[in-house]
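Shown below: structure-v1.cif, with mmCIF, N, CA and C atoms.
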```cif
data_input
loop_
_atom_site.label_atom_id
_atom_site.label_comp_id
_atom_site.auth_asym_id
_atom_site.auth_seq_id
_atom_site.Cartn_x
_atom_site.Cartn_y
_atom_site.Cartn_z
N MET A 1 -199.57 -66.05 81.56
CA MET A 1 -198.36 -66.34 80.86
C MET A 1 -197.61 -65.02 80.67
N ALA A 2 -196.60 -64.85 81.35
CA ALA A 2 -195.82 -63.62 81.32
C ALA A 2 -194.66 -63.78 80.35
N THR A 3 -194.41 -62.70 79.62
CA THR A 3 -193.26 -62.73 78.71
C THR A 3 -192.35 -61.58 79.06
N THR A 4 -191.13 -61.78 78.84
CA THR A 4 -190.16 -60.72 79.11
C THR A 4 -189.35 -60.48 77.86
N GLY A 5 -188.84 -59.28 77.71
CA GLY A 5 -188.01 -58.94 76.56
C GLY A 5 -188.20 -57.47 76.21
N SER A 6 -187.55 -57.07 75.17
CA SER A 6 -187.66 -55.67 74.76
C SER A 6 -188.06 -55.61 73.29
N VAL A 7 -188.72 -54.53 72.96
CA VAL A 7 -189.14 -54.31 71.59
C VAL A 7 -188.44 -53.04 71.10
N ASP A 8 -187.76 -53.16 69.99
CA ASP A 8 -187.06 -52.01 69.41
C ASP A 8 -187.80 -51.61 68.13
N VAL A 9 -188.35 -50.42 68.12
CA VAL A 9 -189.07 -49.92 66.95
C VAL A 9 -188.22 -48.83 66.33
N ASN A 10 -187.74 -49.09 65.13
CA ASN A 10 -186.89 -48.13 64.44
C ASN A 10 -187.69 -47.56 63.27
N LEU A 11 -188.03 -46.29 63.33
CA LEU A 11 -188.84 -45.64 62.30
C LEU A 11 -187.99 -44.87 61.30
N THR A 12 -186.69 -45.02 61.37
CA THR A 12 -185.82 -44.27 60.46
C THR A 12 -186.06 -44.65 59.01
N THR A 13 -186.12 -45.95 58.73
CA THR A 13 -186.33 -46.37 57.34
C THR A 13 -187.73 -46.01 56.86
N PHE A 14 -188.71 -46.07 57.75
CA PHE A 14 -190.07 -45.68 57.39
C PHE A 14 -190.11 -44.18 57.05
N GLY A 15 -189.46 -43.37 57.85
CA GLY A 15 -189.41 -41.92 57.59
C GLY A 15 -188.68 -41.62 56.29
N ALA A 16 -187.61 -42.34 56.01
CA ALA A 16 -186.88 -42.13 54.76
C ALA A 16 -187.74 -42.52 53.56
N SER A 17 -188.52 -43.58 53.70
CA SER A 17 -189.42 -43.99 52.62
C SER A 17 -190.49 -42.93 52.36
N VAL A 18 -191.04 -42.37 53.43
CA VAL A 18 -192.06 -41.33 53.28
C VAL A 18 -191.45 -40.09 52.62
N ASN A 19 -190.26 -39.71 53.03
CA ASN A 19 -189.59 -38.56 52.42
C ASN A 19 -189.30 -38.80 50.94
N SER A 20 -188.86 -39.99 50.60
CA SER A 20 -188.61 -40.31 49.20
C SER A 20 -189.90 -40.29 48.39
N GLY A 21 -190.98 -40.78 48.97
CA GLY A 21 -192.27 -40.77 48.29
C GLY A 21 -192.77 -39.36 48.04
N THR A 22 -192.62 -38.49 49.00
CA THR A 22 -193.07 -37.10 48.80
C THR A 22 -192.20 -36.38 47.79
N LEU A 23 -190.90 -36.67 47.78
CA LEU A 23 -190.02 -36.07 46.79
C LEU A 23 -190.39 -36.55 45.39
N LEU A 24 -190.67 -37.83 45.26
CA LEU A 24 -191.08 -38.38 43.96
C LEU A 24 -192.39 -37.74 43.49
N ALA A 25 -193.35 -37.62 44.40
CA ALA A 25 -194.64 -36.99 44.04
C ALA A 25 -194.43 -35.54 43.63
N SER A 26 -193.57 -34.84 44.32
CA SER A 26 -193.29 -33.44 43.97
C SER A 26 -192.66 -33.33 42.59
N ASN A 27 -191.73 -34.23 42.28
CA ASN A 27 -191.10 -34.22 40.95
C ASN A 27 -192.10 -34.55 39.85
N VAL A 28 -192.99 -35.51 40.11
CA VAL A 28 -193.99 -35.88 39.11
C VAL A 28 -194.95 -34.72 38.86
N ILE A 29 -195.41 -34.08 39.92
CA ILE A 29 -196.32 -32.94 39.77
C ILE A 29 -195.63 -31.80 39.03
N GLY A 30 -194.37 -31.54 39.34
CA GLY A 30 -193.62 -30.50 38.63
C GLY A 30 -193.47 -30.83 37.15
N GLY A 31 -193.22 -32.09 36.83
CA GLY A 31 -193.10 -32.49 35.43
C GLY A 31 -194.40 -32.34 34.67
N VAL A 32 -195.50 -32.71 35.32
CA VAL A 32 -196.82 -32.55 34.68
C VAL A 32 -197.12 -31.08 34.45
N LYS A 33 -196.76 -30.23 35.42
CA LYS A 33 -196.98 -28.79 35.26
C LYS A 33 -196.17 -28.25 34.09
N ASP A 34 -194.92 -28.66 33.98
CA ASP A 34 -194.08 -28.21 32.86
C ASP A 34 -194.66 -28.68 31.52
N GLN A 35 -195.13 -29.91 31.46
CA GLN A 35 -195.72 -30.41 30.23
C GLN A 35 -196.99 -29.65 29.88
N GLY A 36 -197.76 -29.29 30.89
CA GLY A 36 -198.97 -28.49 30.67
C GLY A 36 -198.64 -27.14 30.06
N ASP A 37 -197.57 -26.52 30.55
CA ASP A 37 -197.14 -25.24 29.99
C ASP A 37 -196.74 -25.41 28.52
N LEU A 38 -196.03 -26.50 28.21
CA LEU A 38 -195.61 -26.73 26.83
C LEU A 38 -196.80 -27.00 25.92
N ILE A 39 -197.78 -27.74 26.44
CA ILE A 39 -198.98 -28.02 25.64
C ILE A 39 -199.73 -26.73 25.37
N GLY A 40 -199.86 -25.87 26.38
CA GLY A 40 -200.51 -24.58 26.18
C GLY A 40 -199.78 -23.72 25.17
N LEU A 41 -198.46 -23.73 25.24
CA LEU A 41 -197.66 -22.97 24.27
C LEU A 41 -197.87 -23.51 22.86
N ALA A 42 -197.89 -24.83 22.71
CA ALA A 42 -198.10 -25.43 21.39
C ALA A 42 -199.48 -25.08 20.84
N ILE A 43 -200.49 -25.11 21.69
CA ILE A 43 -201.84 -24.74 21.24
C ILE A 43 -201.88 -23.28 20.82
N GLY A 44 -201.25 -22.40 21.59
CA GLY A 44 -201.21 -20.98 21.25
C GLY A 44 -200.50 -20.72 19.93
N ILE A 45 -199.37 -21.39 19.72
CA ILE A 45 -198.64 -21.21 18.46
C ILE A 45 -199.46 -21.74 17.29
N ALA A 46 -200.13 -22.89 17.47
CA ALA A 46 -200.95 -23.44 16.39
C ALA A 46 -202.09 -22.49 16.03
N LEU A 47 -202.73 -21.90 17.03
CA LEU A 47 -203.80 -20.94 16.76
C LEU A 47 -203.27 -19.70 16.04
N ALA A 48 -202.12 -19.21 16.49
CA ALA A 48 -201.55 -18.02 15.86
C ALA A 48 -201.18 -18.28 14.40
N VAL A 49 -200.56 -19.43 14.14
CA VAL A 49 -200.18 -19.76 12.77
C VAL A 49 -201.43 -19.96 11.91
N GLY A 50 -202.45 -20.61 12.45
CA GLY A 50 -203.70 -20.80 11.73
C GLY A 50 -204.36 -19.48 11.38
N LEU A 51 -204.40 -18.56 12.34
CA LEU A 51 -204.98 -17.24 12.07
C LEU A 51 -204.15 -16.48 11.03
N LEU A 52 -202.84 -16.61 11.11
CA LEU A 52 -201.98 -15.93 10.13
C LEU A 52 -202.25 -16.45 8.72
N PHE A 53 -202.31 -17.77 8.57
CA PHE A 53 -202.61 -18.34 7.25
C PHE A 53 -204.01 -17.94 6.79
N GLY A 54 -204.95 -17.92 7.72
CA GLY A 54 -206.31 -17.51 7.37
C GLY A 54 -206.35 -16.08 6.86
N ILE A 55 -205.64 -15.20 7.52
CA ILE A 55 -205.60 -13.80 7.08
C ILE A 55 -204.92 -13.67 5.72
N VAL A 56 -203.83 -14.40 5.54
CA VAL A 56 -203.11 -14.34 4.25
C VAL A 56 -204.01 -14.83 3.12
N PHE A 57 -204.68 -15.96 3.32
CA PHE A 57 -205.56 -16.47 2.27
C PHE A 57 -206.77 -15.56 2.04
N LEU A 58 -207.24 -14.93 3.09
CA LEU A 58 -208.34 -13.98 2.94
C LEU A 58 -207.89 -12.79 2.09
N VAL A 59 -206.71 -12.26 2.39
CA VAL A 59 -206.19 -11.13 1.61
C VAL A 59 -205.94 -11.56 0.17
N LEU A 60 -205.37 -12.75 -0.03
CA LEU A 60 -205.12 -13.22 -1.39
C LEU A 60 -206.43 -13.44 -2.15
N GLY A 61 -207.49 -13.76 -1.45
CA GLY A 61 -208.77 -13.94 -2.11
C GLY A 61 -209.45 -12.62 -2.43
N VAL A 62 -209.21 -11.60 -1.62
CA VAL A 62 -209.86 -10.30 -1.81
C VAL A 62 -209.14 -9.48 -2.87
N VAL A 63 -207.83 -9.56 -2.91
CA VAL A 63 -207.05 -8.73 -3.83
C VAL A 63 -207.44 -8.96 -5.29
N PRO A 64 -207.57 -10.19 -5.79
CA PRO A 64 -207.97 -10.36 -7.18
C PRO A 64 -209.36 -9.77 -7.48
N ARG A 65 -210.27 -9.87 -6.52
CA ARG A 65 -211.59 -9.27 -6.73
C ARG A 65 -211.50 -7.75 -6.82
N LEU A 66 -210.68 -7.14 -5.98
CA LEU A 66 -210.51 -5.69 -6.03
C LEU A 66 -209.86 -5.25 -7.34
N VAL A 67 -208.88 -6.02 -7.79
CA VAL A 67 -208.22 -5.68 -9.06
C VAL A 67 -209.23 -5.79 -10.20
N GLY A 68 -210.08 -6.81 -10.19
CA GLY A 68 -211.11 -6.96 -11.22
C GLY A 68 -212.09 -5.80 -11.19
N LYS A 69 -212.49 -5.36 -10.00
CA LYS A 69 -213.41 -4.23 -9.91
C LYS A 69 -212.75 -2.94 -10.39
N LEU A 70 -211.46 -2.76 -10.06
CA LEU A 70 -210.75 -1.56 -10.53
C LEU A 70 -210.64 -1.54 -12.06
N ARG A 71 -210.38 -2.70 -12.63
CA ARG A 71 -210.32 -2.77 -14.09
C ARG A 71 -211.70 -2.46 -14.70
N GLY A 72 -212.75 -2.94 -14.03
CA GLY A 72 -214.11 -2.66 -14.49
C GLY A 72 -214.44 -1.18 -14.40
N LEU A 73 -213.93 -0.51 -13.36
CA LEU A 73 -214.19 0.93 -13.21
C LEU A 73 -213.40 1.73 -14.24
N ARG A 74 -212.19 1.33 -14.58
CA ARG A 74 -211.38 2.06 -15.55
C ARG A 74 -211.97 1.96 -16.95
N SER A 75 -212.49 0.79 -17.28
CA SER A 75 -213.02 0.62 -18.63
C SER A 75 -214.40 1.26 -18.79
N ALA A 76 -215.04 1.60 -17.70
CA ALA A 76 -216.37 2.19 -17.80
C ALA A 76 -216.37 3.67 -18.01
#
```
Just give me the structure as structure tokens.
Amino acid sequence: MATTGSVDVNLTTFGASVNSGTLLASNVIGGVKDQGDLIGLAIGIALAVGLLFGIVFLVLGVVPRLVGKLRGLRSA
């Protein structure tokens, strides 16, 4: 059984779909990278602020003890 005719294969739309998919993947990866940088920055700022408050409270806790000891030394 012989058939005759022509087959037209047009890959233009397939290529455009692949290009669009790779562009979308690139944008998604770039967005995730940017969010990762922001998350790292937020963690760093939180640690810095926590350490700053810790140092301030440590100093505020030590100063009254030093003042008490100085008063004890003066009265002795």
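Taking atom CA of A:Val59 as the reference point, atom C of A:Leu47 is found at 17.0 Å.
The spacing separating atom N of A:Asp37 from atom C of A:Ala25 amounts to 16.2 Å.
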With DSSP run on the backbone, what are the alpha helix (DSSP H) residues within chain A? I'd like them as a PDB file with N, CA and C atoms, in the coordinates of the input.
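The resulting file, states-v3.pdb, is reproduced below:
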```pdb
ATOM      1  N   THR A  12    -186.690 -45.020  61.370  1.00  0.00           N
ATOM      2  CA  THR A  12    -185.820 -44.270  60.460  1.00  0.00           C
ATOM      3  C   THR A  12    -186.060 -44.650  59.010  1.00  0.00           C
ATOM      4  N   THR A  13    -186.120 -45.950  58.730  1.00  0.00           N
ATOM      5  CA  THR A  13    -186.330 -46.370  57.340  1.00  0.00           C
ATOM      6  C   THR A  13    -187.730 -46.010  56.860  1.00  0.00           C
ATOM      7  N   PHE A  14    -188.710 -46.070  57.750  1.00  0.00           N
ATOM      8  CA  PHE A  14    -190.070 -45.680  57.390  1.00  0.00           C
ATOM      9  C   PHE A  14    -190.110 -44.180  57.050  1.00  0.00           C
ATOM     10  N   GLY A  15    -189.460 -43.370  57.850  1.00  0.00           N
ATOM     11  CA  GLY A  15    -189.410 -41.920  57.590  1.00  0.00           C
ATOM     12  C   GLY A  15    -188.680 -41.620  56.290  1.00  0.00           C
ATOM     13  N   ALA A  16    -187.610 -42.340  56.010  1.00  0.00           N
ATOM     14  CA  ALA A  16    -186.880 -42.130  54.760  1.00  0.00           C
ATOM     15  C   ALA A  16    -187.740 -42.520  53.560  1.00  0.00           C
ATOM     16  N   SER A  17    -188.520 -43.580  53.700  1.00  0.00           N
ATOM     17  CA  SER A  17    -189.420 -43.990  52.620  1.00  0.00           C
ATOM     18  C   SER A  17    -190.490 -42.930  52.360  1.00  0.00           C
ATOM     19  N   VAL A  18    -191.040 -42.370  53.430  1.00  0.00           N
ATOM     20  CA  VAL A  18    -192.060 -41.330  53.280  1.00  0.00           C
ATOM     21  C   VAL A  18    -191.450 -40.090  52.620  1.00  0.00           C
ATOM     22  N   ASN A  19    -190.260 -39.710  53.030  1.00  0.00           N
ATOM     23  CA  ASN A  19    -189.590 -38.560  52.420  1.00  0.00           C
ATOM     24  C   ASN A  19    -189.300 -38.800  50.940  1.00  0.00           C
ATOM     25  N   SER A  20    -188.860 -39.990  50.600  1.00  0.00           N
ATOM     26  CA  SER A  20    -188.610 -40.310  49.200  1.00  0.00           C
ATOM     27  C   SER A  20    -189.900 -40.290  48.390  1.00  0.00           C
ATOM     28  N   GLY A  21    -190.980 -40.780  48.970  1.00  0.00           N
ATOM     29  CA  GLY A  21    -192.270 -40.770  48.290  1.00  0.00           C
ATOM     30  C   GLY A  21    -192.770 -39.360  48.040  1.00  0.00           C
ATOM     31  N   THR A  22    -192.620 -38.490  49.000  1.00  0.00           N
ATOM     32  CA  THR A  22    -193.070 -37.100  48.800  1.00  0.00           C
ATOM     33  C   THR A  22    -192.200 -36.380  47.790  1.00  0.00           C
ATOM     34  N   LEU A  23    -190.900 -36.670  47.780  1.00  0.00           N
ATOM     35  CA  LEU A  23    -190.020 -36.070  46.790  1.00  0.00           C
ATOM     36  C   LEU A  23    -190.390 -36.550  45.390  1.00  0.00           C
ATOM     37  N   LEU A  24    -190.670 -37.830  45.260  1.00  0.00           N
ATOM     38  CA  LEU A  24    -191.080 -38.380  43.960  1.00  0.00           C
ATOM     39  C   LEU A  24    -192.390 -37.740  43.490  1.00  0.00           C
ATOM     40  N   ALA A  25    -193.350 -37.620  44.400  1.00  0.00           N
ATOM     41  CA  ALA A  25    -194.640 -36.990  44.040  1.00  0.00           C
ATOM     42  C   ALA A  25    -194.430 -35.540  43.630  1.00  0.00           C
ATOM     43  N   SER A  26    -193.570 -34.840  44.320  1.00  0.00           N
ATOM     44  CA  SER A  26    -193.290 -33.440  43.970  1.00  0.00           C
ATOM     45  C   SER A  26    -192.660 -33.330  42.590  1.00  0.00           C
ATOM     46  N   ASN A  27    -191.730 -34.230  42.280  1.00  0.00           N
ATOM     47  CA  ASN A  27    -191.100 -34.220  40.950  1.00  0.00           C
ATOM     48  C   ASN A  27    -192.100 -34.550  39.850  1.00  0.00           C
ATOM     49  N   VAL A  28    -192.990 -35.510  40.110  1.00  0.00           N
ATOM     50  CA  VAL A  28    -193.990 -35.880  39.110  1.00  0.00           C
ATOM     51  C   VAL A  28    -194.950 -34.720  38.860  1.00  0.00           C
ATOM     52  N   ILE A  29    -195.410 -34.080  39.920  1.00  0.00           N
ATOM     53  CA  ILE A  29    -196.320 -32.940  39.770  1.00  0.00           C
ATOM     54  C   ILE A  29    -195.630 -31.800  39.030  1.00  0.00           C
ATOM     55  N   GLY A  30    -194.370 -31.540  39.340  1.00  0.00           N
ATOM     56  CA  GLY A  30    -193.620 -30.500  38.630  1.00  0.00           C
ATOM     57  C   GLY A  30    -193.470 -30.830  37.150  1.00  0.00           C
ATOM     58  N   GLY A  31    -193.220 -32.090  36.830  1.00  0.00           N
ATOM     59  CA  GLY A  31    -193.100 -32.490  35.430  1.00  0.00           C
ATOM     60  C   GLY A  31    -194.400 -32.340  34.670  1.00  0.00           C
ATOM     61  N   VAL A  32    -195.500 -32.710  35.320  1.00  0.00           N
ATOM     62  CA  VAL A  32    -196.820 -32.550  34.680  1.00  0.00           C
ATOM     63  C   VAL A  32    -197.120 -31.080  34.450  1.00  0.00           C
ATOM     64  N   LYS A  33    -196.760 -30.230  35.420  1.00  0.00           N
ATOM     65  CA  LYS A  33    -196.980 -28.790  35.260  1.00  0.00           C
ATOM     66  C   LYS A  33    -196.170 -28.250  34.090  1.00  0.00           C
ATOM     67  N   ASP A  34    -194.920 -28.660  33.980  1.00  0.00           N
ATOM     68  CA  ASP A  34    -194.080 -28.210  32.860  1.00  0.00           C
ATOM     69  C   ASP A  34    -194.660 -28.680  31.520  1.00  0.00           C
ATOM     70  N   GLN A  35    -195.130 -29.910  31.460  1.00  0.00           N
ATOM     71  CA  GLN A  35    -195.720 -30.410  30.230  1.00  0.00           C
ATOM     72  C   GLN A  35    -196.990 -29.650  29.880  1.00  0.00           C
ATOM     73  N   GLY A  36    -197.760 -29.290  30.890  1.00  0.00           N
ATOM     74  CA  GLY A  36    -198.970 -28.490  30.670  1.00  0.00           C
ATOM     75  C   GLY A  36    -198.640 -27.140  30.060  1.00  0.00           C
ATOM     76  N   ASP A  37    -197.570 -26.520  30.550  1.00  0.00           N
ATOM     77  CA  ASP A  37    -197.140 -25.240  29.990  1.00  0.00           C
ATOM     78  C   ASP A  37    -196.740 -25.410  28.520  1.00  0.00           C
ATOM     79  N   LEU A  38    -196.030 -26.500  28.210  1.00  0.00           N
ATOM     80  CA  LEU A  38    -195.610 -26.730  26.830  1.00  0.00           C
ATOM     81  C   LEU A  38    -196.800 -27.000  25.920  1.00  0.00           C
ATOM     82  N   ILE A  39    -197.780 -27.740  26.440  1.00  0.00           N
ATOM     83  CA  ILE A  39    -198.980 -28.020  25.640  1.00  0.00           C
ATOM     84  C   ILE A  39    -199.730 -26.730  25.370  1.00  0.00           C
ATOM     85  N   GLY A  40    -199.860 -25.870  26.380  1.00  0.00           N
ATOM     86  CA  GLY A  40    -200.510 -24.580  26.180  1.00  0.00           C
ATOM     87  C   GLY A  40    -199.780 -23.720  25.170  1.00  0.00           C
ATOM     88  N   LEU A  41    -198.460 -23.730  25.240  1.00  0.00           N
ATOM     89  CA  LEU A  41    -197.660 -22.970  24.270  1.00  0.00           C
ATOM     90  C   LEU A  41    -197.870 -23.510  22.860  1.00  0.00           C
ATOM     91  N   ALA A  42    -197.890 -24.830  22.710  1.00  0.00           N
ATOM     92  CA  ALA A  42    -198.100 -25.430  21.390  1.00  0.00           C
ATOM     93  C   ALA A  42    -199.480 -25.080  20.840  1.00  0.00           C
ATOM     94  N   ILE A  43    -200.490 -25.110  21.690  1.00  0.00           N
ATOM     95  CA  ILE A  43    -201.840 -24.740  21.240  1.00  0.00           C
ATOM     96  C   ILE A  43    -201.880 -23.280  20.820  1.00  0.00           C
ATOM     97  N   GLY A  44    -201.250 -22.400  21.590  1.00  0.00           N
ATOM     98  CA  GLY A  44    -201.210 -20.980  21.250  1.00  0.00           C
ATOM     99  C   GLY A  44    -200.500 -20.720  19.930  1.00  0.00           C
ATOM    100  N   ILE A  45    -199.370 -21.390  19.720  1.00  0.00           N
ATOM    101  CA  ILE A  45    -198.640 -21.210  18.460  1.00  0.00           C
ATOM    102  C   ILE A  45    -199.460 -21.740  17.290  1.00  0.00           C
ATOM    103  N   ALA A  46    -200.130 -22.890  17.470  1.00  0.00           N
ATOM    104  CA  ALA A  46    -200.950 -23.440  16.390  1.00  0.00           C
ATOM    105  C   ALA A  46    -202.090 -22.490  16.030  1.00  0.00           C
ATOM    106  N   LEU A  47    -202.730 -21.900  17.030  1.00  0.00           N
ATOM    107  CA  LEU A  47    -203.800 -20.940  16.760  1.00  0.00           C
ATOM    108  C   LEU A  47    -203.270 -19.700  16.040  1.00  0.00           C
ATOM    109  N   ALA A  48    -202.120 -19.210  16.490  1.00  0.00           N
ATOM    110  CA  ALA A  48    -201.550 -18.020  15.860  1.00  0.00           C
ATOM    111  C   ALA A  48    -201.180 -18.280  14.400  1.00  0.00           C
ATOM    112  N   VAL A  49    -200.560 -19.430  14.140  1.00  0.00           N
ATOM    113  CA  VAL A  49    -200.180 -19.760  12.770  1.00  0.00           C
ATOM    114  C   VAL A  49    -201.430 -19.960  11.910  1.00  0.00           C
ATOM    115  N   GLY A  50    -202.450 -20.610  12.450  1.00  0.00           N
ATOM    116  CA  GLY A  50    -203.700 -20.800  11.730  1.00  0.00           C
ATOM    117  C   GLY A  50    -204.360 -19.480  11.380  1.00  0.00           C
ATOM    118  N   LEU A  51    -204.400 -18.560  12.340  1.00  0.00           N
ATOM    119  CA  LEU A  51    -204.980 -17.240  12.070  1.00  0.00           C
ATOM    120  C   LEU A  51    -204.150 -16.480  11.030  1.00  0.00           C
ATOM    121  N   LEU A  52    -202.840 -16.610  11.110  1.00  0.00           N
ATOM    122  CA  LEU A  52    -201.980 -15.930  10.130  1.00  0.00           C
ATOM    123  C   LEU A  52    -202.250 -16.450   8.720  1.00  0.00           C
ATOM    124  N   PHE A  53    -202.310 -17.770   8.570  1.00  0.00           N
ATOM    125  CA  PHE A  53    -202.610 -18.340   7.250  1.00  0.00           C
ATOM    126  C   PHE A  53    -204.010 -17.940   6.790  1.00  0.00           C
ATOM    127  N   GLY A  54    -204.950 -17.920   7.720  1.00  0.00           N
ATOM    128  CA  GLY A  54    -206.310 -17.510   7.370  1.00  0.00           C
ATOM    129  C   GLY A  54    -206.350 -16.080   6.860  1.00  0.00           C
ATOM    130  N   ILE A  55    -205.640 -15.200   7.520  1.00  0.00           N
ATOM    131  CA  ILE A  55    -205.600 -13.800   7.080  1.00  0.00           C
ATOM    132  C   ILE A  55    -204.920 -13.670   5.720  1.00  0.00           C
ATOM    133  N   VAL A  56    -203.830 -14.400   5.540  1.00  0.00           N
ATOM    134  CA  VAL A  56    -203.110 -14.340   4.250  1.00  0.00           C
ATOM    135  C   VAL A  56    -204.010 -14.830   3.120  1.00  0.00           C
ATOM    136  N   PHE A  57    -204.680 -15.960   3.320  1.00  0.00           N
ATOM    137  CA  PHE A  57    -205.560 -16.470   2.270  1.00  0.00           C
ATOM    138  C   PHE A  57    -206.770 -15.560   2.040  1.00  0.00           C
ATOM    139  N   LEU A  58    -207.240 -14.930   3.090  1.00  0.00           N
ATOM    140  CA  LEU A  58    -208.340 -13.980   2.940  1.00  0.00           C
ATOM    141  C   LEU A  58    -207.890 -12.790   2.090  1.00  0.00           C
ATOM    142  N   VAL A  59    -206.710 -12.260   2.390  1.00  0.00           N
ATOM    143  CA  VAL A  59    -206.190 -11.130   1.610  1.00  0.00           C
ATOM    144  C   VAL A  59    -205.940 -11.560   0.170  1.00  0.00           C
ATOM    145  N   LEU A  60    -205.370 -12.750  -0.030  1.00  0.00           N
ATOM    146  CA  LEU A  60    -205.120 -13.220  -1.390  1.00  0.00           C
ATOM    147  C   LEU A  60    -206.430 -13.440  -2.150  1.00  0.00           C
ATOM    148  N   GLY A  61    -207.490 -13.760  -1.450  1.00  0.00           N
ATOM    149  CA  GLY A  61    -208.770 -13.940  -2.110  1.00  0.00           C
ATOM    150  C   GLY A  61    -209.450 -12.620  -2.430  1.00  0.00           C
ATOM    151  N   VAL A  62    -209.210 -11.600  -1.620  1.00  0.00           N
ATOM    152  CA  VAL A  62    -209.860 -10.300  -1.810  1.00  0.00           C
ATOM    153  C   VAL A  62    -209.140  -9.480  -2.870  1.00  0.00           C
ATOM    154  N   VAL A  63    -207.830  -9.560  -2.910  1.00  0.00           N
ATOM    155  CA  VAL A  63    -207.050  -8.730  -3.830  1.00  0.00           C
ATOM    156  C   VAL A  63    -207.440  -8.960  -5.290  1.00  0.00           C
ATOM    157  N   PRO A  64    -207.570 -10.190  -5.790  1.00  0.00           N
ATOM    158  CA  PRO A  64    -207.970 -10.360  -7.180  1.00  0.00           C
ATOM    159  C   PRO A  64    -209.360  -9.770  -7.480  1.00  0.00           C
ATOM    160  N   ARG A  65    -210.270  -9.870  -6.520  1.00  0.00           N
ATOM    161  CA  ARG A  65    -211.590  -9.270  -6.730  1.00  0.00           C
ATOM    162  C   ARG A  65    -211.500  -7.750  -6.820  1.00  0.00           C
ATOM    163  N   LEU A  66    -210.680  -7.140  -5.980  1.00  0.00           N
ATOM    164  CA  LEU A  66    -210.510  -5.690  -6.030  1.00  0.00           C
ATOM    165  C   LEU A  66    -209.860  -5.250  -7.340  1.00  0.00           C
ATOM    166  N   VAL A  67    -208.880  -6.020  -7.790  1.00  0.00           N
ATOM    167  CA  VAL A  67    -208.220  -5.680  -9.060  1.00  0.00           C
ATOM    168  C   VAL A  67    -209.230  -5.790 -10.200  1.00  0.00           C
ATOM    169  N   GLY A  68    -210.080  -6.810 -10.190  1.00  0.00           N
ATOM    170  CA  GLY A  68    -211.110  -6.960 -11.220  1.00  0.00           C
ATOM    171  C   GLY A  68    -212.090  -5.800 -11.190  1.00  0.00           C
ATOM    172  N   LYS A  69    -212.490  -5.360 -10.000  1.00  0.00           N
ATOM    173  CA  LYS A  69    -213.410  -4.230  -9.910  1.00  0.00           C
ATOM    174  C   LYS A  69    -212.750  -2.940 -10.390  1.00  0.00           C
ATOM    175  N   LEU A  70    -211.460  -2.760 -10.060  1.00  0.00           N
ATOM    176  CA  LEU A  70    -210.750  -1.560 -10.530  1.00  0.00           C
ATOM    177  C   LEU A  70    -210.640  -1.540 -12.060  1.00  0.00           C
ATOM    178  N   ARG A  71    -210.380  -2.700 -12.630  1.00  0.00           N
ATOM    179  CA  ARG A  71    -210.320  -2.770 -14.090  1.00  0.00           C
ATOM    180  C   ARG A  71    -211.700  -2.460 -14.700  1.00  0.00           C
ATOM    181  N   GLY A  72    -212.750  -2.940 -14.030  1.00  0.00           N
ATOM    182  CA  GLY A  72    -214.110  -2.660 -14.490  1.00  0.00           C
ATOM    183  C   GLY A  72    -214.440  -1.180 -14.400  1.00  0.00           C
ATOM    184  N   LEU A  73    -213.930  -0.510 -13.360  1.00  0.00           N
ATOM    185  CA  LEU A  73    -214.190   0.930 -13.210  1.00  0.00           C
ATOM    186  C   LEU A  73    -213.400   1.730 -14.240  1.00  0.00           C
ATOM    187  N   ARG A  74    -212.190   1.330 -14.580  1.00  0.00           N
ATOM    188  CA  ARG A  74    -211.380   2.060 -15.550  1.00  0.00           C
ATOM    189  C   ARG A  74    -211.970   1.960 -16.950  1.00  0.00           C
ATOM    190  N   SER A  75    -212.490   0.790 -17.280  1.00  0.00           N
ATOM    191  CA  SER A  75    -213.020   0.620 -18.630  1.00  0.00           C
ATOM    192  C   SER A  75    -214.400   1.260 -18.790  1.00  0.00           C
TER     193      SER A  75
END
```
Export: stretch 61-70 of chain A, N, CA and C atoms, as an mmCIF file, in the first residue's frame:
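So decode.cif came out as:
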```cif
data_model
loop_
_atom_site.group_PDB
_atom_site.id
_atom_site.type_symbol
_atom_site.label_atom_id
_atom_site.label_comp_id
_atom_site.auth_asym_id
_atom_site.auth_seq_id
_atom_site.Cartn_x
_atom_site.Cartn_y
_atom_site.Cartn_z
ATOM 1 N N GLY A 61 24.715 45.510 83.306
ATOM 2 C CA GLY A 61 24.739 44.626 84.461
ATOM 3 C C GLY A 61 26.040 44.728 85.246
ATOM 4 N N VAL A 62 27.134 45.035 84.574
ATOM 5 C CA VAL A 62 28.441 45.106 85.222
ATOM 6 C C VAL A 62 28.639 46.445 85.918
ATOM 7 N N VAL A 63 28.153 47.512 85.326
ATOM 8 C CA VAL A 63 28.382 48.849 85.877
ATOM 9 C C VAL A 63 27.842 48.993 87.304
ATOM 10 N N PRO A 64 26.617 48.572 87.619
ATOM 11 C CA PRO A 64 26.154 48.704 89.003
ATOM 12 C C PRO A 64 27.015 47.914 89.999
ATOM 13 N N ARG A 65 27.500 46.745 89.579
ATOM 14 C CA ARG A 65 28.377 45.977 90.471
ATOM 15 C C ARG A 65 29.690 46.716 90.719
ATOM 16 N N LEU A 66 30.247 47.323 89.685
ATOM 17 C CA LEU A 66 31.495 48.075 89.852
ATOM 18 C C LEU A 66 31.286 49.292 90.751
ATOM 19 N N VAL A 67 30.155 49.965 90.565
ATOM 20 C CA VAL A 67 29.866 51.128 91.411
ATOM 21 C C VAL A 67 29.724 50.689 92.857
ATOM 22 N N GLY A 68 29.067 49.566 93.108
ATOM 23 C CA GLY A 68 28.921 49.044 94.470
ATOM 24 C C GLY A 68 30.270 48.698 95.074
ATOM 25 N N LYS A 69 31.158 48.094 94.289
ATOM 26 C CA LYS A 69 32.483 47.756 94.799
ATOM 27 C C LYS A 69 33.298 49.012 95.084
ATOM 28 N N LEU A 70 33.177 50.034 94.219
ATOM 29 C CA LEU A 70 33.897 51.291 94.460
ATOM 30 C C LEU A 70 33.409 51.972 95.738
#
```
